[in-house]
Amino acid sequence: MDNEKDDTNNKNKDTKLNNNSNNIEKKQRSLFKTITIMIIAVAAVVIASSLVGQLLDPRYGPFLKVVVVAIIGYFVINSLATVLYKLSYDALKKDAEIIRILIRIIGAIIVISIIISFLSEDPIIAASIGTITAIVIGFASQNVLGNLISGLYLAITRPFRIGDRVTVFGNTGIVFDIGLLYSRLRTDEADIILAPNLSMVSTTIIIRNS
């Protein structure tokens, strides 16, 4: 009997080791695939932009740079966020989603800053950007920028986490995403609630135990 138990335990251990080994291999293949796709996409965009740049009027150079930065930024940010999420998931579990959110928010801010710097090379465009920016900030800072900053605040302080069941604005649901402007909750009826991040910071939230 003891020998049979030992054999069973050894088989279970071997099975667990094999499963862990398979999971590691799958994760490595997935990460390699993500990085490969990112590199190919970036290379394709750079080559295409260089070819288009030779045919394009120099006046439109800044606009071409904006398109290139936007496309490359999209692939790099999403790929980096995905890679870091997968690498940290085993250690952080649900909290790993916070890393992906932070990478996307910070990446978006960096890309926007680079785009503005390219557009500012043209004096006329720079003046237009300054005027438009002042108007946008004046009218939308309390909403868009407020939600953006609140999203970053929620991702850092984590008053609630991805997967928590919360009640906000009289609605109860499970938090499954904290985006740039909105936090998303899924109700028991599979409905999606979009809650502005600014409101999530300023209102009372009930975190359910179950």
# chains A, B, ... in the order shown; residues from 1 in each chain; ligands from 1
>>> residues_around(residues="segment 95-103 of chain A", least_positions_apart="2", cutoff="12 Å", atoms="only C-alpha atoms", output="ChimeraX atom specification")
/A:73-74,76-93,105-111,148-149,151-164,175-183
>>> write_last_selection(atoms="C-alpha atoms", output="compact mmCIF listing (two decimals), in the first residue's frame")
# COMPACT_ATOMS: atom_id res chain seq x y z
CA GLY A 73 3.43 54.05 -30.54
CA TYR A 74 0.25 51.98 -30.71
CA VAL A 76 4.91 49.36 -28.98
CA ILE A 77 2.62 50.39 -26.12
CA ASN A 78 0.23 47.48 -26.55
CA SER A 79 3.04 44.96 -27.03
CA LEU A 80 4.98 46.23 -24.02
CA ALA A 81 1.84 46.28 -21.87
CA THR A 82 0.99 42.72 -22.91
CA VAL A 83 4.52 41.42 -22.29
CA LEU A 84 4.80 43.01 -18.84
CA TYR A 85 1.30 41.77 -17.96
CA LYS A 86 2.21 38.17 -18.84
CA LEU A 87 5.55 38.37 -17.03
CA SER A 88 4.01 39.71 -13.83
CA TYR A 89 0.78 37.70 -13.81
CA ASP A 90 2.16 34.71 -11.88
CA ALA A 91 3.39 36.97 -9.09
CA LEU A 92 0.65 39.59 -9.01
CA LYS A 93 -2.39 37.71 -10.41
CA ILE A 105 -1.61 55.58 -19.82
CA ILE A 106 2.07 56.57 -19.63
CA GLY A 107 2.65 55.45 -23.22
CA ALA A 108 -0.28 57.50 -24.49
CA ILE A 109 1.05 60.59 -22.71
CA ILE A 110 4.53 60.08 -24.21
CA VAL A 111 3.17 59.56 -27.75
CA LEU A 148 -7.20 61.03 -17.32
CA ILE A 149 -5.50 62.11 -14.10
CA GLY A 151 -7.46 57.08 -14.07
CA LEU A 152 -3.75 57.34 -13.27
CA TYR A 153 -4.61 57.99 -9.63
CA LEU A 154 -6.88 54.92 -9.47
CA ALA A 155 -4.21 52.74 -11.08
CA ILE A 156 -1.59 53.82 -8.53
CA THR A 157 -3.59 54.02 -5.29
CA ARG A 158 -5.93 51.11 -6.14
CA PRO A 159 -8.89 51.91 -3.87
CA PHE A 160 -10.50 49.00 -5.71
CA ARG A 161 -8.94 46.38 -7.94
CA ILE A 162 -9.68 44.53 -11.14
CA GLY A 163 -12.10 41.75 -10.21
CA ASP A 164 -13.61 43.54 -7.20
CA VAL A 175 -14.55 45.91 -12.22
CA PHE A 176 -12.80 44.52 -15.30
CA ASP A 177 -11.00 47.55 -16.70
CA ILE A 178 -9.66 50.93 -15.58
CA GLY A 179 -9.08 52.88 -18.78
CA LEU A 180 -7.81 56.33 -19.64
CA LEU A 181 -11.18 58.00 -19.16
CA TYR A 182 -13.58 55.38 -17.87
CA SER A 183 -13.69 52.47 -15.45
>>> atom_distance(atom1="atom CA of Ile71 of chain A", atom2="atom CA of Leu194 of chain A")
26.6 Å
>>> atom_distance(atom1="atom CA of Ile116 of chain A", atom2="atom CA of Asn143 of chain A")
20.9 Å
>>> closest_residue(among="A:Ile35, A:Ile205, A:Leu145, A:Ala70", to="Phe169 of chain A", atoms="only C-alpha atoms")
A:Ile205
